[in-house]
Each structure stands twice: as structure tokens, then as C-alpha cells.
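Trainee: Sharing entry.cif here; it has mmCIF, C-alpha atoms.
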data_model
#
loop_
_atom_site.group_PDB
_atom_site.id
_atom_site.type_symbol
_atom_site.label_atom_id
_atom_site.label_comp_id
_atom_site.auth_asym_id
_atom_site.auth_seq_id
_atom_site.Cartn_x
_atom_site.Cartn_y
_atom_site.Cartn_z
ATOM 1 C CA MET H 1296 113.818 84.392 94.950
ATOM 2 C CA ILE H 1297 111.134 86.830 96.145
ATOM 3 C CA ALA H 1298 112.498 90.362 95.618
ATOM 4 C CA TYR H 1299 109.631 92.204 97.303
ATOM 5 C CA LEU H 1300 106.038 91.835 98.455
ATOM 6 C CA ASP H 1301 103.380 94.510 98.089
ATOM 7 C CA GLY H 1302 100.177 93.919 99.980
ATOM 8 C CA LYS H 1303 97.895 94.386 102.963
ATOM 9 C CA ILE H 1304 99.116 93.973 106.538
ATOM 10 C CA THR H 1305 96.704 91.647 108.343
ATOM 11 C CA TYR H 1306 98.774 91.170 111.525
ATOM 12 C CA LYS H 1307 101.675 93.144 112.934
ATOM 13 C CA THR H 1308 104.180 92.883 115.807
ATOM 14 C CA PRO H 1309 107.616 94.534 116.275
ATOM 15 C CA THR H 1310 109.274 91.321 115.016
ATOM 16 C CA HIS H 1311 107.024 90.069 112.203
ATOM 17 C CA VAL H 1312 104.008 90.817 110.038
ATOM 18 C CA TYR H 1313 101.473 88.853 108.021
ATOM 19 C CA LEU H 1314 101.396 90.383 104.550
ATOM 20 C CA GLU H 1315 98.506 89.381 102.293
ATOM 21 C CA CYS H 1316 99.287 89.503 98.565
ATOM 22 C CA ASN H 1317 96.610 88.292 96.123
ATOM 23 C CA GLY H 1318 94.962 86.084 98.738
ATOM 24 C CA VAL H 1319 98.206 84.548 100.025
ATOM 25 C CA GLY H 1320 99.404 85.474 103.529
ATOM 26 C CA TYR H 1321 103.170 85.641 104.004
ATOM 27 C CA LEU H 1322 104.867 85.575 107.409
ATOM 28 C CA VAL H 1323 107.630 88.173 107.097
ATOM 29 C CA HIS H 1324 110.224 88.730 109.826
ATOM 30 C CA ILE H 1325 111.167 92.395 110.273
ATOM 31 C CA SER H 1326 113.540 94.606 112.267
ATOM 32 C CA LEU H 1327 112.461 97.314 114.706
ATOM 33 C CA ALA H 1328 113.594 99.907 112.141
ATOM 34 C CA THR H 1329 111.102 98.527 109.604
ATOM 35 C CA PHE H 1330 108.396 98.204 112.265
ATOM 36 C CA SER H 1331 108.753 101.901 113.168
ATOM 37 C CA GLU H 1332 108.277 102.780 109.472
ATOM 38 C CA ILE H 1333 105.162 100.624 108.969
ATOM 39 C CA GLU H 1334 103.633 100.901 112.458
ATOM 40 C CA LYS H 1335 100.578 102.821 111.236
ATOM 41 C CA ALA H 1336 100.442 101.472 107.680
ATOM 42 C CA LYS H 1337 97.705 99.147 106.450
ATOM 43 C CA GLU H 1338 99.338 98.395 103.110
ATOM 44 C CA VAL H 1339 103.065 98.229 102.465
ATOM 45 C CA LYS H 1340 105.783 97.180 100.061
ATOM 46 C CA LEU H 1341 108.588 95.234 101.736
ATOM 47 C CA PHE H 1342 111.873 94.293 100.083
ATOM 48 C CA THR H 1343 112.448 90.665 100.989
ATOM 49 C CA HIS H 1344 115.109 88.013 101.312
ATOM 50 C CA LEU H 1345 114.309 84.309 101.617
ATOM 51 C CA VAL H 1346 116.592 82.251 103.863
ATOM 52 C CA VAL H 1347 116.376 78.527 103.121
ATOM 53 C CA ARG H 1348 117.290 76.222 105.993
ATOM 54 C CA GLU H 1349 116.975 72.466 106.389
ATOM 55 C CA ASP H 1350 113.960 72.836 108.656
ATOM 56 C CA ALA H 1351 112.317 76.021 107.299
ATOM 57 C CA HIS H 1352 112.085 78.709 104.652
ATOM 58 C CA VAL H 1353 112.215 82.079 106.463
ATOM 59 C CA LEU H 1354 111.256 85.349 104.798
ATOM 60 C CA TYR H 1355 112.820 88.622 106.028
ATOM 61 C CA GLY H 1356 111.356 91.967 104.992
ATOM 62 C CA PHE H 1357 112.699 95.533 104.937
ATOM 63 C CA PHE H 1358 110.979 98.864 104.419
ATOM 64 C CA LYS H 1359 114.024 100.343 102.672
ATOM 65 C CA GLU H 1360 116.210 98.665 100.075
ATOM 66 C CA GLU H 1361 119.336 99.993 101.847
ATOM 67 C CA GLU H 1362 118.350 98.018 104.969
ATOM 68 C CA LYS H 1363 117.989 94.849 102.885
ATOM 69 C CA THR H 1364 121.412 95.502 101.330
ATOM 70 C CA MET H 1365 122.966 95.898 104.790
ATOM 71 C CA PHE H 1366 121.243 92.685 105.951
ATOM 72 C CA LEU H 1367 122.794 90.807 103.008
ATOM 73 C CA HIS H 1368 126.212 92.272 103.853
ATOM 74 C CA LEU H 1369 125.842 91.193 107.486
ATOM 75 C CA ILE H 1370 124.828 87.589 106.747
ATOM 76 C CA SER H 1371 127.759 87.283 104.319
ATOM 77 C CA VAL H 1372 130.084 87.571 107.332
ATOM 78 C CA SER H 1373 131.143 84.256 108.865
ATOM 79 C CA GLY H 1374 129.338 83.620 112.150
ATOM 80 C CA VAL H 1375 126.542 86.172 111.565
ATOM 81 C CA GLY H 1376 123.185 84.531 110.916
ATOM 82 C CA PRO H 1377 119.906 86.140 109.816
ATOM 83 C CA ASN H 1378 118.566 86.539 113.367
ATOM 84 C CA THR H 1379 121.768 88.233 114.540
ATOM 85 C CA ALA H 1380 121.693 90.492 111.465
ATOM 86 C CA ARG H 1381 118.093 91.449 112.244
ATOM 87 C CA LEU H 1382 119.059 92.179 115.855
ATOM 88 C CA VAL H 1383 121.908 94.416 114.651
ATOM 89 C CA LEU H 1384 119.526 96.330 112.350
ATOM 90 C CA SER H 1385 117.044 96.658 115.228
ATOM 91 C CA SER H 1386 119.746 98.147 117.473
ATOM 92 C CA MET H 1387 121.022 100.904 115.193
ATOM 93 C CA SER H 1388 120.113 102.536 111.904
ATOM 94 C CA THR H 1389 121.655 101.422 108.625
ATOM 95 C CA HIS H 1390 123.563 104.700 108.381
ATOM 96 C CA GLU H 1391 124.857 104.491 111.944
ATOM 97 C CA LEU H 1392 126.045 100.916 111.388
ATOM 98 C CA GLN H 1393 127.677 101.792 108.063
ATOM 99 C CA ARG H 1394 129.534 104.687 109.687
ATOM 100 C CA ALA H 1395 130.617 102.528 112.666
ATOM 101 C CA ILE H 1396 132.031 99.842 110.350
ATOM 102 C CA ILE H 1397 133.823 102.329 108.078
ATOM 103 C CA GLN H 1398 135.317 104.136 111.094
ATOM 104 C CA GLY H 1399 136.288 100.822 112.730
ATOM 105 C CA ASP H 1400 134.275 101.572 115.889
ATOM 106 C CA VAL H 1401 134.574 98.168 117.606
ATOM 107 C CA ARG H 1402 133.195 99.508 120.903
ATOM 108 C CA LEU H 1403 129.939 100.741 119.344
ATOM 109 C CA ILE H 1404 129.385 97.582 117.299
ATOM 110 C CA GLN H 1405 130.028 95.228 120.226
ATOM 111 C CA SER H 1406 127.523 97.208 122.320
ATOM 112 C CA ILE H 1407 124.851 95.368 120.295
ATOM 113 C CA LYS H 1408 123.461 92.331 122.115
ATOM 114 C CA GLY H 1409 124.883 89.140 120.633
ATOM 115 C CA ILE H 1410 127.942 90.809 119.077
ATOM 116 C CA GLY H 1411 131.200 90.203 120.925
ATOM 117 C CA PRO H 1412 134.631 91.780 120.291
ATOM 118 C CA LYS H 1413 135.656 89.109 117.759
ATOM 119 C CA SER H 1414 132.405 89.397 115.789
ATOM 120 C CA ALA H 1415 132.676 93.192 115.789
ATOM 121 C CA GLN H 1416 136.251 93.017 114.454
ATOM 122 C CA ARG H 1417 135.196 90.470 111.814
ATOM 123 C CA LEU H 1418 132.337 92.739 110.654
ATOM 124 C CA ILE H 1419 134.768 95.640 110.262
ATOM 125 C CA LEU H 1420 137.419 93.532 108.558
ATOM 126 C CA GLU H 1421 135.042 91.936 106.046
ATOM 127 C CA LEU H 1422 132.667 94.848 105.337
ATOM 128 C CA LYS H 1423 134.726 98.057 105.600
ATOM 129 C CA ASP H 1424 135.946 98.076 101.982
ATOM 130 C CA LYS H 1425 132.545 97.024 100.608
ATOM 131 C CA LEU H 1426 130.684 99.744 102.526
ATOM 132 C CA GLN H 1427 133.138 102.489 101.565
ATOM 133 C CA LYS H 1428 132.234 101.823 97.912
ATOM 134 C CA GLU H 1429 128.485 101.961 98.601
ATOM 135 C CA PRO H 1430 126.474 105.149 98.045
ATOM 136 C CA LYS H 1431 125.625 107.104 101.191
ATOM 137 C CA PRO H 1432 122.367 105.986 102.803
ATOM 138 C CA GLU H 1433 119.222 107.857 101.849
ATOM 139 C CA GLY H 1434 118.850 111.156 103.687
ATOM 140 C CA MET H 1435 122.553 111.557 104.268
ATOM 141 C CA ASP H 1436 124.182 114.030 101.874
ATOM 142 C CA ASN H 1437 127.534 115.771 101.838
ATOM 143 C CA THR H 1438 126.344 118.640 104.021
ATOM 144 C CA LEU H 1439 126.105 116.209 106.937
ATOM 145 C CA GLN H 1440 129.639 114.902 106.659
ATOM 146 C CA GLY H 1441 132.970 116.050 108.089
ATOM 147 C CA SER H 1442 132.892 118.406 111.048
ATOM 148 C CA ASN H 1443 129.137 117.936 111.501
ATOM 149 C CA THR H 1444 129.564 114.230 112.308
ATOM 150 C CA ILE H 1445 130.651 114.947 115.897
ATOM 151 C CA MET H 1446 127.700 117.308 116.411
ATOM 152 C CA ILE H 1447 125.290 114.687 115.021
ATOM 153 C CA ASP H 1448 126.763 111.962 117.270
ATOM 154 C CA GLU H 1449 126.475 114.163 120.372
ATOM 155 C CA ALA H 1450 122.884 115.123 119.556
ATOM 156 C CA LEU H 1451 121.960 111.459 118.991
ATOM 157 C CA ALA H 1452 123.557 110.465 122.296
ATOM 158 C CA ALA H 1453 121.613 113.188 124.112
ATOM 159 C CA LEU H 1454 118.290 112.227 122.506
ATOM 160 C CA SER H 1455 118.907 108.560 123.364
ATOM 161 C CA MET H 1456 119.504 109.519 127.006
ATOM 162 C CA LEU H 1457 116.194 111.409 126.902
ATOM 163 C CA GLY H 1458 114.533 108.107 125.992
ATOM 164 C CA PHE H 1459 113.990 108.466 122.243
ATOM 165 C CA GLN H 1460 114.591 105.433 119.994
ATOM 166 C CA ARG H 1461 117.773 105.697 117.910
ATOM 167 C CA VAL H 1462 115.846 105.288 114.651
ATOM 168 C CA HIS H 1463 113.455 108.165 115.424
ATOM 169 C CA ALA H 1464 116.204 110.339 116.894
ATOM 170 C CA GLU H 1465 118.439 109.950 113.850
ATOM 171 C CA ARG H 1466 115.592 110.760 111.467
ATOM 172 C CA ALA H 1467 114.804 113.937 113.454
ATOM 173 C CA VAL H 1468 118.468 115.000 113.606
ATOM 174 C CA LEU H 1469 119.029 114.457 109.883
ATOM 175 C CA LYS H 1470 115.862 116.422 109.049
ATOM 176 C CA SER H 1471 116.998 119.277 111.308
ATOM 177 C CA MET H 1472 120.445 119.346 109.694
ATOM 178 C CA LYS H 1473 118.947 119.326 106.207
ATOM 179 C CA ASP H 1474 116.377 122.051 106.921
ATOM 180 C CA ASN H 1475 118.800 124.290 108.849
ATOM 181 C CA LEU H 1476 122.233 124.327 107.251
ATOM 182 C CA GLN H 1477 123.470 127.112 109.570
ATOM 183 C CA ILE H 1478 123.230 125.156 112.863
ATOM 184 C CA GLN H 1479 126.155 126.229 115.040
ATOM 185 C CA SER H 1480 125.874 124.142 118.208
ATOM 186 C CA VAL H 1481 124.801 120.759 119.570
ATOM 187 C CA GLU H 1482 122.240 122.479 121.825
ATOM 188 C CA GLU H 1483 120.608 124.167 118.825
ATOM 189 C CA LEU H 1484 120.549 120.867 116.925
ATOM 190 C CA ILE H 1485 118.935 119.048 119.882
ATOM 191 C CA LYS H 1486 116.239 121.736 120.258
ATOM 192 C CA LEU H 1487 115.385 121.614 116.556
ATOM 193 C CA SER H 1488 115.410 117.819 116.563
ATOM 194 C CA LEU H 1489 112.997 117.687 119.508
ATOM 195 C CA LYS H 1490 110.501 119.618 117.370
ATOM 196 C CA ASN H 1491 110.746 116.891 114.718
ATOM 197 C CA LEU H 1492 110.150 114.032 117.166
#
Would you write out, as C-alpha cells, the structure that this file holds?

Mentor:
Amino acid sequence: MIAYLDGKITYKTPTHVYLECNGVGYLVHISLATFSEIEKAKEVKLFTHLVVREDAHVLYGFFKEEEKTMFLHLISVSGVGPNTARLVLSSMSTHELQRAIIQGDVRLIQSIKGIGPKSAQRLILELKDKLQKEPKPEGMDNTLQGSNTIMIDEALAALSMLGFQRVHAERAVLKSMKDNLQIQSVEELIKLSLKNL
């Protein structure tokens, strides 16, 4: 199994990259979350997972190890294949998905293209206990939990309506919360987050 690849990006699209390592070019399928992280990079280390099918060997790559871990959780669920898992990770951040599964938010999960009510319920049923035991995703510490969750959700919703990608919006909101522990309102959080976008 190939655990990760570290090399030069020779071709890049939002869905896949060519990664050259020691003269060998690998076609690596990626999510939009990973693409947004490596968009301007020329060299990168991607954590990888090789899916072996009858007709092909397909390599999936992730900028963060937590995204790879979530991908492996998703494809362990009956009826969720690698392409669906990649689509899920392109639609919402790892943290947002983890929180939705733990909280049993069927509506949010089934808002992802390709995930119906039954699939959403199956994801929650099969992954909730596993994800509750996992460490919190990077960038999410205890100061962002509890009463702040509602404020974070409202700020993310507002930034999404303003046209910002969920991945970028969440990163900006989390940075604002971390840098300013005394934030009192959603409006203040949105204003500070806009400065980080």
C-alpha cells in the first residue's frame, strides 16, 4: 500500500493531479478540499489510499491525514464507494462532516449530491460511535465547542450565502475564533472572518 507521495505537481485540476516522484508520474484523484490547499503549490506531500478494482487501480490523495481517515471511514460504509466519499469530502469539511454525523444531522448530510436519506442514516448509524472516539480535527480545540457551535454554524451559513466556499469560510471562522476568544456575537465573528478570507 502507498501511504503517501511527496513530489512535484506537473498537472493540476480540481479533481486530480499528476504527482512526479523520482521520475514516476502518479495520477492522484483529490477532493476540492485538497485542491484548495494545494492550488498554488508546486511541490506537495499527499497522504494516499489505493483502491484496487477489477478494471483499474485508483489512487486517492489527501492534503491532511484527517481527510484520508474520514475517507476510509466513509468507504467502510455499505453503499458508499470512493467517488461518493470524495464527493462528500468536496461538499463539506472533515470537521463539519464529523460534527454532522455525531449530532445525527440527517438533513445536512443528505444535502450532499448523491447522498439520499437512507445513505445519510446509514452513515450516522455506522460512523457515529467511531467518530466520537476520534480526536477533534486539527484547528478545532475546546474553546470552539459548546455554546460557540451555534455561532460558528450561523457565521458559516452567512459566509456561504455571500458566496464563499465552505472550506475557506470554515478556515476563516476557526482562525477568528482562535485569535479572538472574546467574540460576543455572530455579526462580530462574520466581520472578523471576512478579514481572514

Trainee: Quick one: pull the distance between CA of Glu1449 in chain H and CA of Glu1429 in chain H, Å, one decimal.

Mentor: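 Value for the CA of Glu1449 in chain H-CA of Glu1429 in chain H distance: 25.0 Å.
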
Trainee: Using the file's own x, y and z axes, so that the box edges lie along x, y and z, what centre and edge lengths in Å (one decimal) does a box around every listed atom of range 1412-1420 of chain H get when 8 Å is added on each side? Give it as lines of an AutoDock Vina configuration file.

Mentor:
center_x = 134.9
center_y = 92.4
center_z = 114.4
size_x = 21.1
size_y = 22.5
size_z = 27.7

Trainee: For each of H:Ser1385, H:Asn1378, H:Gln1460, H:Thr1444, take the minimum atom-to-atom distance to Gln1398 in chain H, counting all atoms listed in the file, then give the residue where this is smallest.

Mentor: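 Checking each of H:Ser1385, H:Asn1378, H:Gln1460, H:Thr1444 against Gln1398 in chain H, counting all atoms listed in the file, the winner is H:Thr1444.
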
Trainee: Name the closest residue to Thr1308 in chain H among the candidates H:Met1296, H:Leu1454, H:Met1446, H:Ile1333; distances are taken between atoms, counting all atoms listed in the file.

Mentor: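 Closest candidate: H:Ile1333.
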
Trainee: Taking the file as shown, what set of residues would the PyMOL selection byres ((chain H and resi 1373) around 12) give back, as a short mmCIF file (atom, residue, chain, number, x, y, z; two decimals) with C-alpha atoms, keeping the file's coordinate frame?

Mentor:
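Everything below was put into expr-v8.cif:
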data_model
loop_
_atom_site.label_atom_id
_atom_site.label_comp_id
_atom_site.auth_asym_id
_atom_site.auth_seq_id
_atom_site.Cartn_x
_atom_site.Cartn_y
_atom_site.Cartn_z
CA HIS H 1368 126.21 92.27 103.85
CA LEU H 1369 125.84 91.19 107.49
CA ILE H 1370 124.83 87.59 106.75
CA SER H 1371 127.76 87.28 104.32
CA VAL H 1372 130.08 87.57 107.33
CA GLY H 1374 129.34 83.62 112.15
CA VAL H 1375 126.54 86.17 111.56
CA GLY H 1376 123.18 84.53 110.92
CA PRO H 1377 119.91 86.14 109.82
CA THR H 1379 121.77 88.23 114.54
CA ALA H 1380 121.69 90.49 111.46
CA LYS H 1413 135.66 89.11 117.76
CA SER H 1414 132.40 89.40 115.79
CA ALA H 1415 132.68 93.19 115.79
CA GLN H 1416 136.25 93.02 114.45
CA ARG H 1417 135.20 90.47 111.81
CA LEU H 1418 132.34 92.74 110.65
CA LEU H 1420 137.42 93.53 108.56
CA GLU H 1421 135.04 91.94 106.05
CA LEU H 1422 132.67 94.85 105.34
#

Trainee: Which residues match the PyMOL selection byres ((chain H and resi 1397) around 7) in the file above, as a PyMOL selection string?

Mentor: chain H and resi 1393-1396+1398-1399+1423+1426-1427

Trainee: Extract, using only C-alpha atoms, all DNA, RNA and protein residues at most 9 Å from Phe1330 in chain H, discarding same-chain residues fewer than 5 positions from it, and format them as a list in words.

Mentor: Lys1307, Thr1308, Pro1309, Thr1310, His1311, Val1312, Ile1325, Phe1357 and Phe1358 of chain H

Trainee: Would you mind exporting C-alpha atoms of the selected residues as a PDB file, keeping the file's coordinate frame?

Mentor:
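So selection38.pdb came out as:
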ATOM      1  CA  LYS H1307     101.675  93.144 112.934  1.00  0.00           C
ATOM      2  CA  THR H1308     104.180  92.883 115.807  1.00  0.00           C
ATOM      3  CA  PRO H1309     107.616  94.534 116.275  1.00  0.00           C
ATOM      4  CA  THR H1310     109.274  91.321 115.016  1.00  0.00           C
ATOM      5  CA  HIS H1311     107.024  90.069 112.203  1.00  0.00           C
ATOM      6  CA  VAL H1312     104.008  90.817 110.038  1.00  0.00           C
ATOM      7  CA  ILE H1325     111.167  92.395 110.273  1.00  0.00           C
ATOM      8  CA  PHE H1357     112.699  95.533 104.937  1.00  0.00           C
ATOM      9  CA  PHE H1358     110.979  98.864 104.419  1.00  0.00           C
TER      10      PHE H1358
END

Trainee: Just how far from CA of Tyr1355 in chain H is CA of Thr1329 in chain H, in Å to one decimal?

Mentor: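 CA of Tyr1355 in chain H lies at a distance of 10.7 Å from CA of Thr1329 in chain H.
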
Trainee: Which residues match the PyMOL selection byres ((chain H and resi 1298) around 12) in the file above, as a PyMOL selection string?

Mentor: chain H and resi 1296-1297+1299-1301+1340-1345+1354-1357+1360+1363-1364

Trainee: Enter the distance from CA of Val1319 in chain H to CA of His1352 in chain H, in Å, rounded to one decimal.

Mentor: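 According to the coordinates, CA of Val1319 in chain H and CA of His1352 in chain H are separated by 15.8 Å.
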
Trainee: Please identify all polymer residues within 12 Å of Leu1489 in chain H, counting all atoms listed in the file, omitting same-chain residues fewer than 3 positions from it, and present them as an MDAnalysis selection string.

Mentor: chainID H and resid 1450:1451 1453:1455 1457:1459 1463:1471 1482:1486 1492

Trainee: Choose the residue, out of H:Arg1461, H:Arg1402, H:Arg1348, H:Lys1408, that has the smallest atom-to-atom separation from Ala1328 in chain H; count all atoms listed in the file.

Mentor: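 Among the listed residues, the smallest separation from Ala1328 in chain H belongs to H:Arg1461.
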